[in-house]
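Presented below is the structure to which this report refers.
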Protein chains: 2
Amino acid sequence: MKKPNAKDRILETAGKLFHQRGYSEVGINEIIAKAETAKATFYQHFPSKERLCEAWLEMAHERSEIRRQAILKGPGTAAEKIDQNFANMEEFLANSDFRGCPYSNTSAVIASGCTGIIKQVADHKQAIRDFFRELATQIVGERAMNEGQCPSRLGDAIFVLYSGAITEAQNLREMWPVEAARCAAGELCATAMSAGEKSPVSTL
Amino acid sequence: MKKPNAKDRILETAGKLFHQRGYSEVGINEIIAKAETAKATFYQHFPSKERLCEAWLEMAHERSEIRRQAILKGPGTAAEKIDQNFANMEEFLANSDFRGCPYSNTSAVIASGCTGIIKQVADHKQAIRDFFRELATQIVGERAMNEGQCPSRLGDAIFVLYSGAITEAQNLREMWPVEAARCAAGELCATAMSAGEKSPVSTL
DNA sequence: CACTTTACAGACAGACCTGTCTGTTCTATT
DNA sequence: AATAGAACAGACAGGTCTGTCTGTAAAGTG
């Protein structure tokens, strides 16, 4: 019951270590020792460390994608859902000792030849961007869209706030960047909503 | 004229390589080879690679601090200066092949025991935060401050936008995150200014 | 000129890394 | 029970890394 599968054990262990200390700071030997498996077993499932990294990011992406879809289909207004995302980020950071975004952290250390990893990062970031764009569309609404409002701009702004919050919370080991981003996102949403009500064409 | 100093050559070369490929991906041997110096010379000036990294970040911080002070004392409104910062970021990214923030990139790969490096990163980020807070204060103005406006909140929001922009431009190798952050910063500034004029107390 | 500082060249130690290989043992299905 | 696939243990090769060490050459200063 404690040992599900060699491959899964490796993936879970590597994921935990990569996230805690960074991809380049964790070696195969440590992974297999902590996963209680043999090196030959490792290379039976993963042809290289780089592929293991890709598998880890892919797994993490799929899990997060499920969470995002659940949020989209769940209850609450779009603005509330955005706010909830920042609350979740605080919890995530508190539980991981401020170790930021696995994708950004990995992207910062790999060589430019690791195209597979680079693609994983880009795909994940694009998915988050699309997520916020979808919520932004719900906020701005169809009417305002036709009148010149740009929900994708609001979505992108929230995406950048989201990224900056987790990056700087990691760098400073403090929570205030998340709160600052949260407030700013709320303000941008409020402005977008009131612009949709009052002025038909935004000057921005 | 081409060889200023062994120490300076090492520092410049290491800085360039660290920035281009990341701290953990560049070794001492490559640095001394490209700096055309000997290993003994290197260790005469820097007791360890970690200290070299600290010296690099410190040098880069001092240079950027000079630029920020020049901007603060230079001509233009505060809002224009903030906008100019995002324009400068685009230029920076274009010239460095989208290799983001040296401090965040380094922070993502070092061990938790590297307290010196961690402090350099935190100090630098705090300086940028203070820079945007100062500009935000100029935007919101003293009157609005007394009436309940919070310039530090605006400054922090711009700081987070700034960080998210450079992070995601690096991850995606695209420029749109900078533009998104730029627009959002402009909008937040506009909202803060109109709130200072019209409504005495912000609801945010 | 004598002397000190600075820089050069590069071998070397010791550790760590990824990835390969040999061979054994467990486990499940037929 | 027999057989096949999966997992185990760990030595090994070949390379890279940081940091130390020995010794030599150049350059500035009294």
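Residue numbering restarts at 1 for every chain of the structure tokens, chains are lettered A, B, ... in their displayed order, and ligands are numbered from 1 as they appear.
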
List every residue of chain A that has an atom at most 9 Å from any atom of chain B, giving for each one its closest atom pair and the distance in Å to one decimal, counting only C-alpha atoms, sorted by chain and then by ascending residue number, as a tab-separated table.
```
residue	atom	partner	partner_atom	distance
A:Arg21	CA	B:Ala111	CA	7.0
A:Gly22	CA	B:Val109	CA	5.9
A:Tyr23	CA	B:Val109	CA	8.1
A:Ser24	CA	B:Val109	CA	7.1
A:Glu25	CA	B:Val109	CA	7.2
A:Arg99	CA	B:Ala108	CA	8.4
A:Gly100	CA	B:Ala108	CA	8.6
A:Tyr103	CA	B:Asn171	CA	8.3
A:Ser104	CA	B:Asn171	CA	6.6
A:Asn105	CA	B:Ala108	CA	5.3
A:Thr106	CA	B:Ala108	CA	8.1
A:Ser107	CA	B:Asn171	CA	6.5
A:Ala108	CA	B:Asn105	CA	5.4
A:Val109	CA	B:Gly22	CA	6.0
A:Ile110	CA	B:Glu25	CA	8.0
A:Ala111	CA	B:Arg21	CA	7.0
A:Ser112	CA	B:Arg21	CA	8.4
A:Ile118	CA	B:Asn171	CA	7.8
A:Lys119	CA	B:Leu172	CA	8.9
A:Val121	CA	B:Asn171	CA	6.9
A:Ala122	CA	B:Leu172	CA	5.4
A:Asp123	CA	B:Leu172	CA	8.9
A:Lys125	CA	B:Leu172	CA	7.7
A:Gln126	CA	B:Leu172	CA	8.4
A:Arg153	CA	B:Ala180	CA	6.5
A:Leu154	CA	B:Ala184	CA	7.9
A:Asp156	CA	B:Ala180	CA	5.9
A:Ala157	CA	B:Ala180	CA	5.4
A:Ile158	CA	B:Ala184	CA	8.8
A:Phe159	CA	B:Gly164	CA	8.2
A:Val160	CA	B:Gly164	CA	4.7
A:Leu161	CA	B:Leu161	CA	5.3
A:Tyr162	CA	B:Gly164	CA	7.2
A:Ser163	CA	B:Gly164	CA	4.8
A:Gly164	CA	B:Gly164	CA	3.5
A:Ala165	CA	B:Val160	CA	5.9
A:Ile166	CA	B:Gly164	CA	8.6
A:Thr167	CA	B:Gly164	CA	7.3
A:Glu168	CA	B:Ser163	CA	7.2
A:Gln170	CA	B:Ser107	CA	8.4
A:Asn171	CA	B:Ala122	CA	6.4
A:Leu172	CA	B:Ala122	CA	5.4
A:Arg173	CA	B:Ala122	CA	8.7
A:Trp176	CA	B:Asp156	CA	8.7
A:Pro177	CA	B:Val160	CA	6.5
A:Val178	CA	B:Val160	CA	8.5
A:Ala180	CA	B:Ala157	CA	5.4
A:Ala181	CA	B:Ala157	CA	5.8
A:Arg182	CA	B:Ala157	CA	8.8
A:Cys183	CA	B:Leu204	CA	7.5
A:Ala184	CA	B:Ala157	CA	5.9
A:Ala185	CA	B:Ala157	CA	9.0
A:Gly186	CA	B:Leu204	CA	8.3
A:Glu187	CA	B:Leu204	CA	7.0
A:Leu188	CA	B:Leu188	CA	7.3
A:Thr191	CA	B:Thr191	CA	8.0
A:Leu204	CA	B:Glu187	CA	7.3
```

Just the selected residues (C-alpha atoms), exported as an mmCIF file, in the first residue's frame, please.
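The result, written out as part31.cif:
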```
data_model
loop_
_atom_site.group_PDB
_atom_site.id
_atom_site.type_symbol
_atom_site.label_atom_id
_atom_site.label_comp_id
_atom_site.auth_asym_id
_atom_site.auth_seq_id
_atom_site.Cartn_x
_atom_site.Cartn_y
_atom_site.Cartn_z
ATOM 1 C CA ARG A 21 15.562 22.432 -4.581
ATOM 2 C CA GLY A 22 15.482 22.963 -8.355
ATOM 3 C CA TYR A 23 16.074 20.695 -11.317
ATOM 4 C CA SER A 24 19.808 21.266 -11.585
ATOM 5 C CA GLU A 25 20.455 20.726 -7.886
ATOM 6 C CA ARG A 99 9.483 27.819 -3.609
ATOM 7 C CA GLY A 100 7.640 29.574 -6.425
ATOM 8 C CA TYR A 103 7.982 25.941 -14.505
ATOM 9 C CA SER A 104 9.702 29.285 -14.156
ATOM 10 C CA ASN A 105 12.300 27.824 -11.832
ATOM 11 C CA THR A 106 13.075 25.030 -14.260
ATOM 12 C CA SER A 107 13.075 27.309 -17.246
ATOM 13 C CA ALA A 108 15.724 29.450 -15.589
ATOM 14 C CA VAL A 109 18.297 26.655 -15.356
ATOM 15 C CA ILE A 110 17.992 24.461 -18.413
ATOM 16 C CA ALA A 111 20.090 24.817 -21.531
ATOM 17 C CA SER A 112 18.542 26.260 -24.661
ATOM 18 C CA ILE A 118 10.871 24.636 -22.983
ATOM 19 C CA LYS A 119 7.716 23.531 -24.753
ATOM 20 C CA VAL A 121 6.799 25.497 -19.841
ATOM 21 C CA ALA A 122 5.334 27.480 -22.717
ATOM 22 C CA ASP A 123 2.279 25.224 -22.934
ATOM 23 C CA LYS A 125 1.963 29.235 -19.165
ATOM 24 C CA GLN A 126 -0.308 29.548 -22.163
ATOM 25 C CA ARG A 153 -5.977 42.615 -22.191
ATOM 26 C CA LEU A 154 -7.494 42.252 -18.746
ATOM 27 C CA ASP A 156 -3.140 39.087 -19.723
ATOM 28 C CA ALA A 157 -2.720 41.709 -17.022
ATOM 29 C CA ILE A 158 -3.980 39.316 -14.368
ATOM 30 C CA PHE A 159 -1.713 36.612 -15.754
ATOM 31 C CA VAL A 160 1.315 38.874 -15.396
ATOM 32 C CA LEU A 161 0.265 39.885 -11.881
ATOM 33 C CA TYR A 162 -0.095 36.223 -10.996
ATOM 34 C CA SER A 163 3.375 35.421 -12.281
ATOM 35 C CA GLY A 164 5.023 38.400 -10.639
ATOM 36 C CA ALA A 165 3.393 37.574 -7.333
ATOM 37 C CA ILE A 166 4.762 34.055 -7.134
ATOM 38 C CA THR A 167 8.172 35.096 -8.446
ATOM 39 C CA GLU A 168 8.728 37.846 -5.919
ATOM 40 C CA GLN A 170 9.910 33.364 -3.744
ATOM 41 C CA ASN A 171 12.691 35.920 -4.083
ATOM 42 C CA LEU A 172 11.793 37.791 -0.923
ATOM 43 C CA ARG A 173 10.349 34.902 1.058
ATOM 44 C CA TRP A 176 3.055 40.750 0.421
ATOM 45 C CA PRO A 177 3.643 40.455 -3.355
ATOM 46 C CA VAL A 178 0.686 38.114 -3.533
ATOM 47 C CA ALA A 180 -0.367 43.425 -3.848
ATOM 48 C CA ALA A 181 -1.184 41.439 -6.986
ATOM 49 C CA ARG A 182 -4.494 40.398 -5.520
ATOM 50 C CA CYS A 183 -5.520 43.977 -4.817
ATOM 51 C CA ALA A 184 -4.367 45.160 -8.224
ATOM 52 C CA ALA A 185 -6.264 42.375 -9.972
ATOM 53 C CA GLY A 186 -9.383 43.285 -8.066
ATOM 54 C CA GLU A 187 -8.999 46.915 -9.007
ATOM 55 C CA LEU A 188 -8.484 46.119 -12.683
ATOM 56 C CA THR A 191 -12.463 49.225 -13.497
ATOM 57 C CA LEU A 204 -7.115 52.507 -22.857
#
```

Exercise. Per DSSP on the backbone, filter stretch 96-176 of chain B down to the residues in helix (DSSP H, G or I) and report them as a ChimeraX atom specification.
Key: /B:102-107,115-146,151-172,176

Using only C-alpha atoms (C1' of nucleotides), tabulate the residues of chain B lying at most 12 Å from any atom of chain C, each with its closest atom pair and that distance in Å to one decimal, by chain and increasing residue number, as JSON lines.
```
{"residue": "B:Asn5", "atom": "CA", "partner": "C:DA7", "partner_atom": "C1'", "distance": 10.0}
{"residue": "B:Ala6", "atom": "CA", "partner": "C:DA7", "partner_atom": "C1'", "distance": 7.9}
{"residue": "B:Lys7", "atom": "CA", "partner": "C:DA7", "partner_atom": "C1'", "distance": 10.5}
{"residue": "B:Asn29", "atom": "CA", "partner": "C:DG10", "partner_atom": "C1'", "distance": 11.9}
{"residue": "B:Ile32", "atom": "CA", "partner": "C:DC8", "partner_atom": "C1'", "distance": 11.6}
{"residue": "B:Ala33", "atom": "CA", "partner": "C:DA9", "partner_atom": "C1'", "distance": 11.8}
{"residue": "B:Glu36", "atom": "CA", "partner": "C:DC8", "partner_atom": "C1'", "distance": 9.7}
{"residue": "B:Thr37", "atom": "CA", "partner": "C:DC8", "partner_atom": "C1'", "distance": 7.2}
{"residue": "B:Ala38", "atom": "CA", "partner": "C:DC8", "partner_atom": "C1'", "distance": 6.0}
{"residue": "B:Lys39", "atom": "CA", "partner": "C:DG10", "partner_atom": "C1'", "distance": 8.9}
{"residue": "B:Ala40", "atom": "CA", "partner": "C:DC8", "partner_atom": "C1'", "distance": 8.4}
{"residue": "B:Thr41", "atom": "CA", "partner": "C:DA7", "partner_atom": "C1'", "distance": 6.4}
{"residue": "B:Phe42", "atom": "CA", "partner": "C:DA7", "partner_atom": "C1'", "distance": 9.8}
{"residue": "B:Tyr43", "atom": "CA", "partner": "C:DA7", "partner_atom": "C1'", "distance": 11.7}
{"residue": "B:Gln44", "atom": "CA", "partner": "C:DT6", "partner_atom": "C1'", "distance": 9.6}
{"residue": "B:His45", "atom": "CA", "partner": "C:DT6", "partner_atom": "C1'", "distance": 10.8}
```

Exercise. Show me which bits of chain D are within 9 Å of chain A, counting only C-alpha atoms (C1' of nucleotides), as a ChimeraX atom specification.
Key: /D:6-10

Those same residues, written as a short mmCIF file (atom, residue, chain, number, x, y, z; two decimals), in the first residue's frame with C-alpha atoms (C1' of nucleotides)?
```cif
data_model
loop_
_atom_site.label_atom_id
_atom_site.label_comp_id
_atom_site.auth_asym_id
_atom_site.auth_seq_id
_atom_site.Cartn_x
_atom_site.Cartn_y
_atom_site.Cartn_z
"C1'" DA D 6 9.69 -6.14 -13.78
"C1'" DA D 7 12.62 -4.63 -10.07
"C1'" DC D 8 16.70 -5.04 -7.47
"C1'" DA D 9 21.89 -4.15 -6.24
"C1'" DG D 10 25.79 -1.97 -7.43
#
```

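Between atom CA of B:Gly113 and atom CA of A:Arg51 there is a distance of 28.6 Å.
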
Self-check item: Gap from atom CA of B:Asn85 to atom CA of B:Lys16 - Å, one decimal
Solution: 22.0 Å

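In this model, the gap between atom CA of A:Ala87 and atom CA of A:Met175 comes to 10.8 Å.
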
Quiz item: Which is closest to A:Leu135 among A:Ile28, A:Ile71, A:Ala192, A:Ala78, if we use only C-alpha atoms?
Solution: A:Ala78

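Using only C-alpha atoms, the smallest distance between any of B:Lys34, B:Phe98, B:Leu72, B:Cys114 and B:Ser48 comes from B:Cys114.
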